[in-house]
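**Student:** Take a look at the following structure, please.
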Amino acid sequence: MISLPATDHLLHSTAFQSALVVLTLAFYLASPHFPTVKQRSWILTTISSAVMTIASLPLAYDYFSSYGDITRIQQSSMWTYCACRFFQAYLIADIVLGLLHYRSRVNWLTGWVHHSVYVLVVEYAVRMNWSHIFCLCAIMEIPTFVLAIAAINPNLRSDVLFATTFFLTRIVLHIRLGLSFFLQRTRVTEGSMGPGILMACIFPLHAFWFSGCVKGFVKRSQQGKKKKRVADGNGAVVARRAALTRTPEHPSMPNGTPTTSPSASPHTSSFTSPSPRPSTFSRRRVALRLAMRQRWDQFRLSRAGRHFGEMQRRLRDVLPMRELVYDYVGIERGDMAGEIVRKVGVSMNEGLPIDSTSLAARLASSISTSEGLVKVSKGLEFADSPSVPMGSRSLSSSS
């Protein structure tokens with residue numbers, strides 16, 4: 001245990017002042033090497049997470065080697081006190097330098113609220129001689145270091161590693177430590193429930209961040225599937241265009257030598273020039289056809305068309321046949337008139353005599369209906385057909 005003097009306030013602490021100067025110099029020395037605002041905003045976080053993770057390793061070793069016995073870890077010492085002051089210096093430096101150089105990256109929750117609250121939490125832990133407890137909890141800075149390294153160098157990004165370390169430290173270990181501070185508070189904090197309450201209040205923030213991490217995984221997975229579908233669709237369009245623009249191969253001889261045109265000169269190439277590329281209108285027409293086919297399949301219009309065809313077939317099965325309807329309404333009664341006219345044409349063709357009296361009577365009786373008139377017109381067409389010789393046509397016209 002170490003006892004701090006009553007005058008050792010935050011701004012008067014030598015460890016705090018030294019850490020604040022070192023962090024500020026480190027930021028200005030490293031900023032020229034990082035061109036983007038996002039990279040510069042993670043410089044201090046990378047340094048702080050690395051230092052706090054290293055400071056927590058001895059306490060984490062004591063905790064895990066004793067199988068989770070919180071009473072077996074080291075007590076507060078000078079290096080745990082300096083680590084807490086260093087973390088406070090980082091929180092203040094990140095706010096001040098963020099307002100000056102990367103204000104767009106300072107979020108109200110992870111910036112103003114988070115940093116302000118943690119400055120007070122660390123000060124409370126130092127005042128209560130619980131700096132060793134805070135240093136043990138600093139092992140939760142491992143996922144922050146993984147995230148900061150990925151922000152500075154995207155080639156080192158690993159979403160799986162970040163999610164795994166975050167879940168193990170800020171979810172599982174957080175719950176385990178919170179329960180230990182409640183159940184063993186008489187031996188750890190002299191009966192105080194302060195650390196347990198703080199762990200319970202901070203856990204919803206960690207759970208919120210982890211849910212955002214999971215949602216990011218799901219969103220990126222859906223975007224990847226969507227890009228794959230779009231790529232497959234573009235590949236189909238490209239293949240379709242390639243099939244339309246592909247020219248047929250030139251016919252060749254059995255030995256593989258291409259044939260030449262009879263009019264081709266011996267100095268010209270025996271291969272024909274490729275056909276010109278299709279116009280913009282043709283490409284748009286192909287794209288429109290593919291889009292219509294996709295919409296056709298999407299709205300299942302083909303199935304509706306099949307249902308419509310099935311309805312037509314059933315309607316035809318219910319209705320009577322056309323021949324039966326014609327017989328019922330008497331539409332075939334004009335056949336006699338057509339037959340009379342055809343016989344007149346044959347007689348004229350063969351030069352036989354025609355009985356005009358009987359012919360007129362039969363025609364009068366057969367064209368009493370409109371159907372008879374239709375058949376008469378068809379018979380006249382037959383009489384005037386090309387099968388009748390020109391001599392007979394002139395004879396009939398002279399008659």
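We name chains A, B, ... following the order of the structure tokens; residues begin at 1 in each chain, and ligands are numbered from 1 as shown.
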Based on DSSP run over this structure's backbone, return all residues of range 54-140 of chain A in helix (DSSP H, G or I), as a PyMOL selection string.

**Tutor:** chain A and resi 54-65+70-72+78-101+103-105+108-127+131-140

**Student:** Just want the 6 Å neighbourhood of range 158-171 of chain A, counted on only C-alpha atoms, with same-chain residues fewer than 3 positions away dropped. Output as a list of chain:residue names.

**Tutor:**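 So the residues in contact are A:Met140, A:Pro143, A:His174.
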
**Student:** Limited to C-alpha atoms, could you put the picked residues into a file as a PDB file, in the first residue's frame?

**Tutor:**
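File produced: selection_13.pdb:
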ATOM      1  CA  MET A 140      -9.293  -4.723 -21.040  1.00  0.00           C
ATOM      2  CA  PRO A 143      -8.968  -4.897 -27.853  1.00  0.00           C
ATOM      3  CA  HIS A 174     -15.702  -7.837 -16.793  1.00  0.00           C
TER       4      HIS A 174
END

**Student:** How far is it from CA of Leu136 in chain A to CA of Leu109 in chain A, in Å with one decimal?

**Tutor:**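 These two atoms are separated by 24.1 Å.
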
**Student:** Just the number, please: distance in Å from CA of Thr80 in chain A to CA of Ser56 in chain A, one decimal.

**Tutor:** 8.5 Å

**Student:** Can you list, as a PyMOL selection string, every protein, DNA or RNA residue that comes within 12 Å of Asp62 in chain A when you count only C-alpha atoms, leaving out same-chain residues fewer than 2 positions away?

**Tutor:** chain A and resi 56-60+64-75+132+136

**Student:** Give me, as a list of chain:residue names, all polymer residues having an atom no more than 9 Å from Ala89 in chain A, counting only C-alpha atoms and skipping those fewer than 2 positions away in the same chain.

**Tutor:**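 Residues near the query, excluding close chain neighbours: A:Ala15, A:Phe16, A:Gln17, A:Ser18, A:Ala19, A:Leu20, A:Val21, A:Leu23, A:Cys84, A:Arg85, A:Phe86, A:Phe87, A:Leu91, A:Ile92, A:Ala93, A:Asp94, A:Val119.
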
**Student:** Export, as a PDB file, in the first residue's frame, the selected residues with N, CA, C and O atoms.

**Tutor:**
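The result, written out as result_27.pdb:
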ATOM      1  N   ALA A  15       3.780  12.752 -11.927  1.00  0.00           N
ATOM      2  CA  ALA A  15       3.555  11.690 -12.905  1.00  0.00           C
ATOM      3  C   ALA A  15       2.562  12.144 -13.976  1.00  0.00           C
ATOM      4  O   ALA A  15       2.763  11.868 -15.182  1.00  0.00           O
ATOM      5  N   PHE A  16       1.530  12.854 -13.563  1.00  0.00           N
ATOM      6  CA  PHE A  16       0.550  13.347 -14.528  1.00  0.00           C
ATOM      7  C   PHE A  16       1.157  14.380 -15.467  1.00  0.00           C
ATOM      8  O   PHE A  16       0.960  14.333 -16.697  1.00  0.00           O
ATOM      9  N   GLN A  17       1.907  15.329 -14.930  1.00  0.00           N
ATOM     10  CA  GLN A  17       2.513  16.364 -15.756  1.00  0.00           C
ATOM     11  C   GLN A  17       3.510  15.770 -16.742  1.00  0.00           C
ATOM     12  O   GLN A  17       3.550  16.150 -17.914  1.00  0.00           O
ATOM     13  N   SER A  18       4.314  14.837 -16.265  1.00  0.00           N
ATOM     14  CA  SER A  18       5.305  14.209 -17.151  1.00  0.00           C
ATOM     15  C   SER A  18       4.625  13.428 -18.274  1.00  0.00           C
ATOM     16  O   SER A  18       5.027  13.501 -19.447  1.00  0.00           O
ATOM     17  N   ALA A  19       3.594  12.670 -17.919  1.00  0.00           N
ATOM     18  CA  ALA A  19       2.879  11.897 -18.941  1.00  0.00           C
ATOM     19  C   ALA A  19       2.199  12.803 -19.955  1.00  0.00           C
ATOM     20  O   ALA A  19       2.180  12.507 -21.171  1.00  0.00           O
ATOM     21  N   LEU A  20       1.667  13.930 -19.520  1.00  0.00           N
ATOM     22  CA  LEU A  20       1.005  14.854 -20.431  1.00  0.00           C
ATOM     23  C   LEU A  20       1.997  15.444 -21.427  1.00  0.00           C
ATOM     24  O   LEU A  20       1.694  15.552 -22.630  1.00  0.00           O
ATOM     25  N   VAL A  21       3.192  15.806 -20.948  1.00  0.00           N
ATOM     26  CA  VAL A  21       4.214  16.349 -21.857  1.00  0.00           C
ATOM     27  C   VAL A  21       4.688  15.279 -22.838  1.00  0.00           C
ATOM     28  O   VAL A  21       4.836  15.529 -24.051  1.00  0.00           O
ATOM     29  N   LEU A  23       3.115  12.589 -23.955  1.00  0.00           N
ATOM     30  CA  LEU A  23       2.068  12.278 -24.938  1.00  0.00           C
ATOM     31  C   LEU A  23       1.922  13.383 -25.981  1.00  0.00           C
ATOM     32  O   LEU A  23       1.733  13.106 -27.172  1.00  0.00           O
ATOM     33  N   CYS A  84      -2.004   4.921 -13.371  1.00  0.00           N
ATOM     34  CA  CYS A  84      -3.300   5.612 -13.300  1.00  0.00           C
ATOM     35  C   CYS A  84      -3.170   7.073 -13.712  1.00  0.00           C
ATOM     36  O   CYS A  84      -4.019   7.606 -14.442  1.00  0.00           O
ATOM     37  N   ARG A  85      -2.103   7.753 -13.256  1.00  0.00           N
ATOM     38  CA  ARG A  85      -1.900   9.138 -13.645  1.00  0.00           C
ATOM     39  C   ARG A  85      -1.614   9.247 -15.152  1.00  0.00           C
ATOM     40  O   ARG A  85      -2.042  10.213 -15.803  1.00  0.00           O
ATOM     41  N   PHE A  86      -0.904   8.281 -15.689  1.00  0.00           N
ATOM     42  CA  PHE A  86      -0.646   8.286 -17.131  1.00  0.00           C
ATOM     43  C   PHE A  86      -1.956   8.165 -17.909  1.00  0.00           C
ATOM     44  O   PHE A  86      -2.144   8.854 -18.925  1.00  0.00           O
ATOM     45  N   PHE A  87      -2.866   7.319 -17.446  1.00  0.00           N
ATOM     46  CA  PHE A  87      -4.142   7.161 -18.143  1.00  0.00           C
ATOM     47  C   PHE A  87      -4.969   8.439 -18.073  1.00  0.00           C
ATOM     48  O   PHE A  87      -5.635   8.817 -19.043  1.00  0.00           O
ATOM     49  N   LEU A  91      -6.345  10.783 -21.267  1.00  0.00           N
ATOM     50  CA  LEU A  91      -7.734  11.196 -21.458  1.00  0.00           C
ATOM     51  C   LEU A  91      -7.829  12.706 -21.719  1.00  0.00           C
ATOM     52  O   LEU A  91      -8.544  13.154 -22.624  1.00  0.00           O
ATOM     53  N   ILE A  92      -7.083  13.493 -20.954  1.00  0.00           N
ATOM     54  CA  ILE A  92      -7.134  14.942 -21.130  1.00  0.00           C
ATOM     55  C   ILE A  92      -6.435  15.362 -22.413  1.00  0.00           C
ATOM     56  O   ILE A  92      -6.910  16.240 -23.151  1.00  0.00           O
ATOM     57  N   ALA A  93      -5.292  14.759 -22.715  1.00  0.00           N
ATOM     58  CA  ALA A  93      -4.569  15.107 -23.943  1.00  0.00           C
ATOM     59  C   ALA A  93      -5.380  14.750 -25.184  1.00  0.00           C
ATOM     60  O   ALA A  93      -5.367  15.494 -26.184  1.00  0.00           O
ATOM     61  N   ASP A  94      -6.100  13.645 -25.149  1.00  0.00           N
ATOM     62  CA  ASP A  94      -6.898  13.242 -26.304  1.00  0.00           C
ATOM     63  C   ASP A  94      -8.044  14.229 -26.551  1.00  0.00           C
ATOM     64  O   ASP A  94      -8.385  14.521 -27.701  1.00  0.00           O
ATOM     65  N   VAL A 119     -11.809  10.065 -16.118  1.00  0.00           N
ATOM     66  CA  VAL A 119     -10.913  10.892 -15.315  1.00  0.00           C
ATOM     67  C   VAL A 119     -11.353  10.877 -13.847  1.00  0.00           C
ATOM     68  O   VAL A 119     -10.531  10.733 -12.920  1.00  0.00           O
TER      69      VAL A 119
END

**Student:** For range 121-129 of chain A, work out the shell of residues within 9 Å, counting only C-alpha atoms and skipping chain neighbours fewer than 3 positions away, then give it as number ranges by chain.

**Tutor:** A: 1-4, 9-10, 75-76, 81, 84-85, 87-88, 116-118, 132-134, 189, 195, 198

**Student:** Output as JSON lines one row per residue of range 42-114 of chain A within 10 Å of range 30-33 of chain A: the closest atom pair and its distance in Å to one decimal place, counting only C-alpha atoms, sorted by chain and residue number ascending.

**Tutor:**
{"residue": "A:Ile43", "atom": "CA", "partner": "A:Ala30", "partner_atom": "CA", "distance": 7.5}
{"residue": "A:Leu44", "atom": "CA", "partner": "A:Ala30", "partner_atom": "CA", "distance": 9.8}
{"residue": "A:His101", "atom": "CA", "partner": "A:Ser31", "partner_atom": "CA", "distance": 9.9}

**Student:** Export, as an mmCIF file, in the first residue's frame, the selected residues with C-alpha atoms.

**Tutor:**
data_model
loop_
_atom_site.group_PDB
_atom_site.id
_atom_site.type_symbol
_atom_site.label_atom_id
_atom_site.label_comp_id
_atom_site.auth_asym_id
_atom_site.auth_seq_id
_atom_site.Cartn_x
_atom_site.Cartn_y
_atom_site.Cartn_z
ATOM 1 C CA ILE A 43 -1.902 7.962 -32.218
ATOM 2 C CA LEU A 44 -2.516 8.711 -28.535
ATOM 3 C CA HIS A 101 -6.402 18.676 -34.783
#

**Student:** Calculated over only C-alpha atoms, which of the candidates A:Thr45, A:Thr53, A:Ser282, A:Ser180 has the smallest distance to Ile139 in chain A?

**Tutor:**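 Of all the options, A:Thr53 lies closest to Ile139 in chain A.
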
**Student:** Separation of CA of Gln39 in chain A and CA of Thr144 in chain A, in Å?

**Tutor:**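 Pair CA of Gln39 in chain A / CA of Thr144 in chain A returns 14.3 Å.
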